Structure formats: C-alpha cells, structure tokens
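Here's the structure, in structure tokens; my notes come after.
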Amino acid sequence: MNHILHVVGARPNFVKAAPVLRSLRERGVLQSLVHTGQHYDRNMSDVFFQQLEIPEPDVNLGVGSGSHAVQTAEIMQRFESVVLERKPDLTLVYGDVNSTVAAALVCAKLLVPIGHVEAGLRSFDRTMPEEINRIVTDRLSDVLFTPSEDGNENLKREGVPSERVHLVGNVMIDSLMQFLPAARRRPKNGFPEPFALVTLHRPSNVDDPEKLSEILNCLTQLNRRLNIVFPVHPRTRQHISEFRVNAEMLHLVDPLPYIDFLALQTCATVVITDSGGIQEETTFLGVPCLTMRTNTERPITVTMGTNTLVGDDRERLVREIHDILEAKKKIGTVPPLWDGHAGSRIAEILVRL
Ligand code: UD1
C-alpha cells in the first residue's frame with residue numbers, strides 16, 4: 001500500500017484513528033486524512049485532534065448536521081471528488097457513524113479498496129442507525145479488522161470470506177493506554193466525590209420528551225445517594241432545553257475533552273451510559289458500567305467485562321447502583337488483544353497488502 005486515505009467524522013472516530021495513523025506513520029506510509037465535519041464543535045472535534053495528537057486533516061468536508069439521508073448524501077457528494085483527486089490505494093473507515101458508511105459507499109463505486117476498523121460488531125437491532133451503518137460498511141469492505149472474536153463469528157455467519165477478516169484487538173484501548181498516565185495526573189476539577197458519571201445521547205433515550213424526562217427524574221432521585229456528573233452531548237442539551245425538562249439538581253457540564261473524560265472515568269464509582277465506546281473503556285478500567293440500552297453490539301463487555309445492560313428498567317438501575325455502593329460490584333477481565341497494540345497490528349497487515 002503506497003497511499004492510505006483515512007476518513008473520520010465524529011468523536012469516536014478520532015479516538016480510533018489516532019493509533020492507526022501513528023503506526024502507519026512509523027512505517028513510512030503516505031497518508032491523507034479527511035474530516036467529514038459531521039462533528040464540528042470545538043469540544044466535539046478540535047480538542048480531540050489536539051489531545052490525541054492527530055495531524056490537521058488534509059481536507060475538511062464541512063458537512064455539519066442534518067437528517068441521516070442529508071448528512072450521508074452530503075458527505076458522499078463532497079467526498080467523491082477528493083477520492084478522484086487523491087487516488088488512494090485504500091481507504092480506511094472507522095466504527096459505525098454516518099461518515100463511515102458514506103465514505104465506504106463512495107469508495108466501493110470508485111473501485112477503491114476499503115478497510116474497516118472495528119468490523120463485525122452487531123447489536124441485531126436495526127432500529128439503531130449505527131447497525132445499518134455497520135452492516136452496509138462491512139458488506140462493502142475488502143479488509144475487515146475486528147476487535148473481538150464475536151466480530152469474526154458475525155462476519156462468518158454473513159458469508160464474509162475468512163481471508164478478509166483480521167482479529168486485531170481494540171484500537172480504542174490503544175488510545176486509552178497511551179493517555180491513561182496523563183489522565184491520572186489530571187486534577188479532579190472540583191467534581192464532587194464519590195460520583196456517578198453519566199453520558200446519554202442515543203435517539204432511543206433522548207429524542208422522546210417523556211422518556212428523557214423520566215430518565216432525568218430517575219437520575220435526580222439517585223443524586224441523593226451519589227453525585228451525578230453529566231457531560232451533556234449537544235443533541236441531549238438541545239432536547240433538555242427544547243422539552244423544558246428539569247435537570248436542575250444534576251451536575252451538567254459541556255462535553256469534555258478526551259483526557260479529561262478519561263480522568264473522570266478512572267475515578268467514577270459507576271458509569272451510566274448509552275455509548276458504545278464507553279462500555280469498552282470501563283471494561284478495560286475495571287469500573288462498573290450500567291448501560292441504558294436493551295442490547296449491545298459489544299457483548300464481550302457484558303460476558304467478560306464490567307458492563308451490565310439495564311435497558312429501560314429504572315428499578316434495576318437503582319438496584320444495581322445500590323449494590324455497587326455496597327461494594328457488590330461486577331468484577332471483569334480485559335478481553336484478549338485489548339493490549340494497546342491493535343493499531344500496529346493493522347499497520348503491519350496493511351503494509352504487507
Ligand atoms: C454520532 C453517531 C453516533 C455516535 C456519536 C458520538 C451517527 C449515526 N451517529 O451521533 O453513533 O455515538 O456521534 O458522539 O453517525 N451537534 C452539535 N455539534 C456537533 C455535533 C453535533 O451541536 O459538533 C448536534 C447537532 O444538533 C446534531 C446532533 O448534535 O444534529 C446530532 O449529531 P450527529 O452527528 O447527527 O449524531 P450524534 O448524535 O452526535
């Protein structure tokens with residue numbers, strides 16, 4: 001491979017691409033970096049580039065927000081000319097966001113080989129937009145890098161030839177391990193201790209006024225026993241204000257930079273989330289994670305790690321937190337190959353292609 005083009009667009013992509021970019025740079029591979037602009041706020045994008053030491057993108061497509069169709073189509077339109085001009089030997093896409101599937105569709109039609117980092121994950125829930133993105137991207141990809149064995153099993157079941165699939169481990173954990181020492185040195189920022197760290201942004205939790213209000217009420221009740229620290233994603237912030245939901249008693253803060261958020265995860269009593277990546281990070285850190293979803297595309301965090309799916313069952317959530325406060329917490333282990341070297345395994349495979 002002489003020239004690899006990376007496409008990133010949303011916050012989790014940056015965390016996954018950083019170690020792969022670095023490993024390929026160390027091996028002298030020519031690379032281009034395209035930012036679709038799906039995430040554009042300073043604290044959703046620029047600060048991640050700075051903290052994760054990602055080079056400035058060569059191209060920013062500046063697509064911004066929109067409905068799924070609008071955002072995906074806009075990325076495709078703007079990205080096509082970049083591919084035609086730069087003529088990469090392979091395009092690497094990451095995770096399951098709209099930028100991932102849009103870039104994969106463009107490259108498939110231009111006959112540019114596609115590599116997918118974090119392939120094979122399935123929640124088996126097609127109401128989740130990311131599940132559609134995962135299925136389509138994997139279908140179109142030529143080289144598929146999986147984070148865990150379940151990914152290989154899913155791809156095998158879907159008929160993907162095994163020679164295309166490489167179990168390389170979890171690139172998110174590469175970034176985590178690199179920046180953990182810096183996170184441990186971070187001052188506590190005056191957050192009240194002990195605390196539960198909360199993140200919620202999935203449409204299934206935050207787009208419906210009744211459900212969002214019910215979740216925030218439950219968190220407000222919990223706040224009596226355990227301080228709630230809640231860095232709020234822009235779409236959640238927008239809905240809290242639009243639906244006039246009462247969140248006064250909760251410690252709401254703006255989305256945090258990567259290292260600052262990692263610092264909070266390391267010292268949280270429990271993390272309550274609907275994010276994908278945070279289920280993995282807490283498993284690595286050994287911090288209990290209660291996931292407010294009925295399913296997960298990352299089942300290994302439940303079977304091996306510290307993750308528990310609490311779905312929409314608020315009584316269960318409260319019960320689990322009480323158990324954790326009484327030191328009855330789930331003990332997990334770190335899955336195989338979540339060892340900080342996934343990026344270099346990917347780079348090794350790519351340079352030999
Ligand atoms: C996207 C991903 C999701 C991922 C999440 C991480 C898809 C389908 N979803 O969801 O898988 O877990 O990123 O954060 O790709 N907004 C801003 N500023 C920004 C970005 C977004 O204000 O920098 C607001 C806008 O109102 C926008 C909304 O957030 O409409 C949603 O952003 P969008 O990129 O569409 O999806 P996310 O919810 O961030």
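Here, A, B, ... name the chains of the structure tokens in the order displayed, residue numbers run from 1 inside each chain, and ligands are numbered from 1 in the same displayed order.
Selecting strand (DSSP E or B) from the backbone DSSP output for region 18-183 of chain A yields A:Leu30, A:Gln31, A:Ser32, A:Leu33, A:Val34, A:His35, A:Val59, A:Asn60, A:Leu90, A:Thr91, A:Leu92, A:Val93, A:Tyr94, A:Ile114, A:Gly115, A:His116, A:Val117, A:Val143, A:Leu144, A:Phe145, A:Thr146, A:Val165, A:His166, A:Leu167.
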Would you tabulate, counting only C-alpha atoms and all ligand atoms, all residues of chain A that have an atom at most 6 Å from an atom of ligand 1, showing the closest pair of atoms and their distance in Å to one decimal, sorted by chain then ascending number, as CSV?
residue,atom,partner,partner_atom_place_in_ligand_line,distance
A:Ala10,CA,ligand 1,13 (O),5.3
A:Arg11,CA,ligand 1,14 (O),5.4
A:Pro12,CA,ligand 1,6 (C),5.8
A:Gln38,CA,ligand 1,34 (O),5.1
A:His39,CA,ligand 1,23 (O),3.6
A:Tyr40,CA,ligand 1,23 (O),3.8
A:Asp41,CA,ligand 1,23 (O),3.8
A:Met44,CA,ligand 1,23 (O),5.1
A:Ser65,CA,ligand 1,30 (O),4.6
A:Gly66,CA,ligand 1,30 (O),5.8
A:Val97,CA,ligand 1,15 (O),3.3
A:Asn98,CA,ligand 1,15 (O),3.9
A:Pro129,CA,ligand 1,8 (C),5.4
A:Glu130,CA,ligand 1,8 (C),5.4
A:His201,CA,ligand 1,38 (O),5.9
A:Pro234,CA,ligand 1,22 (O),4.6
A:Arg235,CA,ligand 1,29 (O),4.0
A:Ser275,CA,ligand 1,12 (O),5.9
Save the residues we just selected, all heavy atoms, as a compact mmCIF listing (two decimals), in the first residue's frame?
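Contents of the output file again11.txt:
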# COMPACT_ATOMS: atom_id res chain seq x y z
N ALA A 10 -16.77 11.80 13.35
CA ALA A 10 -17.42 12.01 14.64
C ALA A 10 -16.48 11.60 15.76
O ALA A 10 -15.55 10.82 15.56
CB ALA A 10 -18.72 11.21 14.70
N ARG A 11 -16.77 12.12 16.94
CA ARG A 11 -15.90 11.97 18.11
C ARG A 11 -15.26 10.58 18.28
O ARG A 11 -14.02 10.51 18.41
CB ARG A 11 -16.72 12.38 19.34
CG ARG A 11 -15.96 12.78 20.54
CD ARG A 11 -16.84 13.47 21.56
NE ARG A 11 -18.09 12.76 21.86
CZ ARG A 11 -18.93 13.11 22.84
NH1 ARG A 11 -18.66 14.15 23.61
NH2 ARG A 11 -20.04 12.44 23.04
N PRO A 12 -16.05 9.50 18.27
CA PRO A 12 -15.38 8.20 18.49
C PRO A 12 -14.39 7.82 17.39
O PRO A 12 -13.43 7.11 17.64
CB PRO A 12 -16.55 7.20 18.55
CG PRO A 12 -17.76 7.92 18.11
CD PRO A 12 -17.52 9.38 18.20
N GLN A 38 -18.75 15.98 10.31
CA GLN A 38 -20.00 15.56 10.98
C GLN A 38 -20.07 16.15 12.39
O GLN A 38 -21.09 16.67 12.81
CB GLN A 38 -20.09 14.02 11.03
CG GLN A 38 -21.32 13.52 11.78
CD GLN A 38 -21.51 12.01 11.73
OE1 GLN A 38 -20.88 11.30 10.94
NE2 GLN A 38 -22.39 11.51 12.58
N HIS A 39 -18.98 16.05 13.15
CA HIS A 39 -18.86 16.78 14.41
C HIS A 39 -17.96 17.97 14.16
O HIS A 39 -16.90 17.85 13.56
CB HIS A 39 -18.30 15.88 15.51
CG HIS A 39 -19.32 14.93 16.05
ND1 HIS A 39 -19.04 13.95 16.97
CD2 HIS A 39 -20.65 14.81 15.80
CE1 HIS A 39 -20.14 13.27 17.26
NE2 HIS A 39 -21.13 13.76 16.56
N TYR A 40 -18.40 19.12 14.63
CA TYR A 40 -17.73 20.37 14.24
C TYR A 40 -17.50 21.31 15.43
O TYR A 40 -16.70 22.22 15.36
CB TYR A 40 -18.56 21.10 13.17
CG TYR A 40 -20.03 21.11 13.52
CD1 TYR A 40 -20.57 22.11 14.32
CD2 TYR A 40 -20.87 20.09 13.10
CE1 TYR A 40 -21.91 22.09 14.69
CE2 TYR A 40 -22.21 20.06 13.46
CZ TYR A 40 -22.72 21.06 14.25
OH TYR A 40 -24.02 21.02 14.63
N ASP A 41 -18.24 21.11 16.55
CA ASP A 41 -18.00 21.97 17.71
C ASP A 41 -16.56 21.78 18.17
O ASP A 41 -16.02 20.67 18.08
CB ASP A 41 -18.91 21.57 18.89
CG ASP A 41 -20.33 22.06 18.72
OD1 ASP A 41 -20.59 22.79 17.74
OD2 ASP A 41 -21.18 21.71 19.56
N MET A 44 -16.15 18.92 20.45
CA MET A 44 -16.51 17.60 19.90
C MET A 44 -15.48 17.16 18.86
O MET A 44 -15.49 16.02 18.42
CB MET A 44 -17.88 17.66 19.21
CG MET A 44 -19.04 18.01 20.09
SD MET A 44 -19.49 16.69 21.20
CE MET A 44 -20.35 15.59 20.07
N SER A 65 -24.43 19.15 10.52
CA SER A 65 -25.55 18.30 10.92
C SER A 65 -26.63 18.24 9.84
O SER A 65 -26.67 19.07 8.93
CB SER A 65 -26.16 18.85 12.20
OG SER A 65 -25.19 18.89 13.22
N GLY A 66 -27.51 17.26 9.98
CA GLY A 66 -28.64 17.11 9.06
C GLY A 66 -29.32 15.80 9.36
O GLY A 66 -28.85 15.04 10.21
N VAL A 97 -20.43 5.29 12.29
CA VAL A 97 -21.18 6.55 12.18
C VAL A 97 -21.54 6.83 10.71
O VAL A 97 -21.11 6.12 9.81
CB VAL A 97 -20.41 7.73 12.82
CG1 VAL A 97 -20.12 7.44 14.28
CG2 VAL A 97 -19.12 8.03 12.07
N ASN A 98 -22.34 7.86 10.48
CA ASN A 98 -22.76 8.14 9.11
C ASN A 98 -21.57 8.42 8.18
O ASN A 98 -21.59 8.06 7.01
CB ASN A 98 -23.72 9.33 9.09
CG ASN A 98 -25.09 8.94 9.65
OD1 ASN A 98 -25.42 7.76 9.75
ND2 ASN A 98 -25.90 9.94 10.02
N PRO A 129 -29.57 3.41 14.06
CA PRO A 129 -28.96 3.79 12.78
C PRO A 129 -27.55 3.21 12.60
O PRO A 129 -27.16 2.84 11.48
CB PRO A 129 -28.90 5.32 12.85
CG PRO A 129 -29.30 5.73 14.23
CD PRO A 129 -30.00 4.57 14.85
N GLU A 130 -26.82 3.08 13.70
CA GLU A 130 -25.44 2.57 13.59
C GLU A 130 -25.42 1.12 13.11
O GLU A 130 -24.44 0.70 12.49
CB GLU A 130 -24.73 2.66 14.95
CG GLU A 130 -24.43 4.07 15.43
CD GLU A 130 -25.63 4.75 16.07
OE1 GLU A 130 -26.69 4.12 16.20
OE2 GLU A 130 -25.48 5.94 16.44
N HIS A 201 -26.85 9.99 24.76
CA HIS A 201 -27.10 10.73 23.52
C HIS A 201 -27.86 9.94 22.47
O HIS A 201 -28.21 10.47 21.43
CB HIS A 201 -25.78 11.24 22.92
CG HIS A 201 -24.96 10.12 22.31
ND1 HIS A 201 -24.22 9.26 23.07
CD2 HIS A 201 -24.81 9.72 21.02
CE1 HIS A 201 -23.63 8.39 22.29
NE2 HIS A 201 -23.97 8.64 21.04
N PRO A 234 -24.37 17.60 22.64
CA PRO A 234 -25.20 18.70 22.12
C PRO A 234 -26.65 18.33 21.82
O PRO A 234 -27.56 19.11 22.09
CB PRO A 234 -24.48 19.13 20.83
CG PRO A 234 -23.13 18.53 20.87
CD PRO A 234 -23.10 17.46 21.91
N ARG A 235 -26.87 17.12 21.26
CA ARG A 235 -28.28 16.78 20.93
C ARG A 235 -29.10 16.62 22.21
O ARG A 235 -30.28 16.98 22.25
CB ARG A 235 -28.38 15.55 20.03
CG ARG A 235 -28.24 14.25 20.78
CD ARG A 235 -28.34 13.02 19.88
NE ARG A 235 -29.63 12.84 19.28
CZ ARG A 235 -29.81 12.51 18.00
NH1 ARG A 235 -28.77 12.38 17.21
NH2 ARG A 235 -31.01 12.31 17.54
N SER A 275 -23.48 4.95 25.40
CA SER A 275 -22.43 4.98 24.38
C SER A 275 -21.88 3.58 24.13
O SER A 275 -21.96 2.71 24.99
CB SER A 275 -21.32 5.91 24.86
OG SER A 275 -20.06 5.46 24.42
Produce a table with one row for each residue of region 21-125 of chain A that has an atom at most 10 Å from any atom of region 151-159 of chain A, each row naming the nearest atom pair and its distance in Å at one decimal; use only C-alpha atoms; arrange rows by chain and rising residue number; format as CSV.
residue,atom,partner,partner_atom,distance
A:Glu118,CA,A:Gly151,CA,8.4
A:Ala119,CA,A:Gly151,CA,6.5
A:Gly120,CA,A:Gly151,CA,3.9
A:Leu121,CA,A:Gly151,CA,5.1
A:Arg122,CA,A:Asn154,CA,7.3
Residue with smallest distance to Cys289 (chain A) - pool A:Val206, A:Val93, A:Leu250, A:Ile331, counting only C-alpha atoms
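Residue with the minimum atom-to-atom distance to Cys289 (chain A): A:Ile331.
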Find the distance between CA of Ala268 (chain A) and CA of Val232 (chain A) and write it in Å to one decimal.
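These two atoms are separated by 16.5 Å.
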Hey, can you check how far CA of Val310 (chain A) sits from CA of Thr333 (chain A)?
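For CA of Val310 (chain A) relative to CA of Thr333 (chain A), the distance reads 20.0 Å.
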Residues at most 10 Å from region 24-31 of chain A, counting only C-alpha atoms, excluding those fewer than 2 positions away in the same chain, as a VMD selection string?
chain A and resid 1 to 6 19 to 22 33 58 88 90 to 91 343 to 344 346 to 348 350 to 351
Leaving out Gln265 (chain A) and any residue of its chain fewer than 3 positions from it, which residues lie within 12 Å of it when counting only C-alpha atoms, given as a VMD selection string?
chain A and resid 176 180 183 to 184 186 188 194 to 199 229 to 231 256 258 to 262 268 to 273 278 to 289
Between A:Met76, A:Ala263, A:Val245, A:Val168, single out the one closest to Asp208 (chain A), counting only C-alpha atoms.
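Distance minimum relative to Asp208 (chain A) lands on A:Val245.
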What's the 10 Å shell around Val83 (chain A), counting only C-alpha atoms, without same-chain residues fewer than 3 positions away, as a PDB file with C-alpha atoms, in the first residue's frame?
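Here's the written file around.pdb:
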ATOM      1  CA  LEU A   5      -6.681   7.697   2.957  1.00  0.00           C
ATOM      2  CA  VAL A  34     -10.242  13.571   5.534  1.00  0.00           C
ATOM      3  CA  ARG A  78     -18.255  16.197  -1.263  1.00  0.00           C
ATOM      4  CA  PHE A  79     -16.027  13.160  -0.731  1.00  0.00           C
ATOM      5  CA  GLU A  80     -16.190  11.752  -4.265  1.00  0.00           C
ATOM      6  CA  ARG A  86      -6.077  11.860  -4.324  1.00  0.00           C
ATOM      7  CA  LYS A  87      -6.361   8.361  -5.837  1.00  0.00           C
ATOM      8  CA  PRO A  88      -5.640   6.368  -2.654  1.00  0.00           C
ATOM      9  CA  THR A  91      -9.487   3.990   2.223  1.00  0.00           C
ATOM     10  CA  ALA A 103     -17.207   7.085   2.634  1.00  0.00           C
ATOM     11  CA  VAL A 106     -18.251   6.337  -2.431  1.00  0.00           C
ATOM     12  CA  CYS A 107     -15.100   4.176  -2.497  1.00  0.00           C
ATOM     13  CA  LEU A 110     -14.982   4.164  -7.460  1.00  0.00           C
ATOM     14  CA  VAL A 112     -11.095   1.922  -4.285  1.00  0.00           C
TER      15      VAL A 112
END
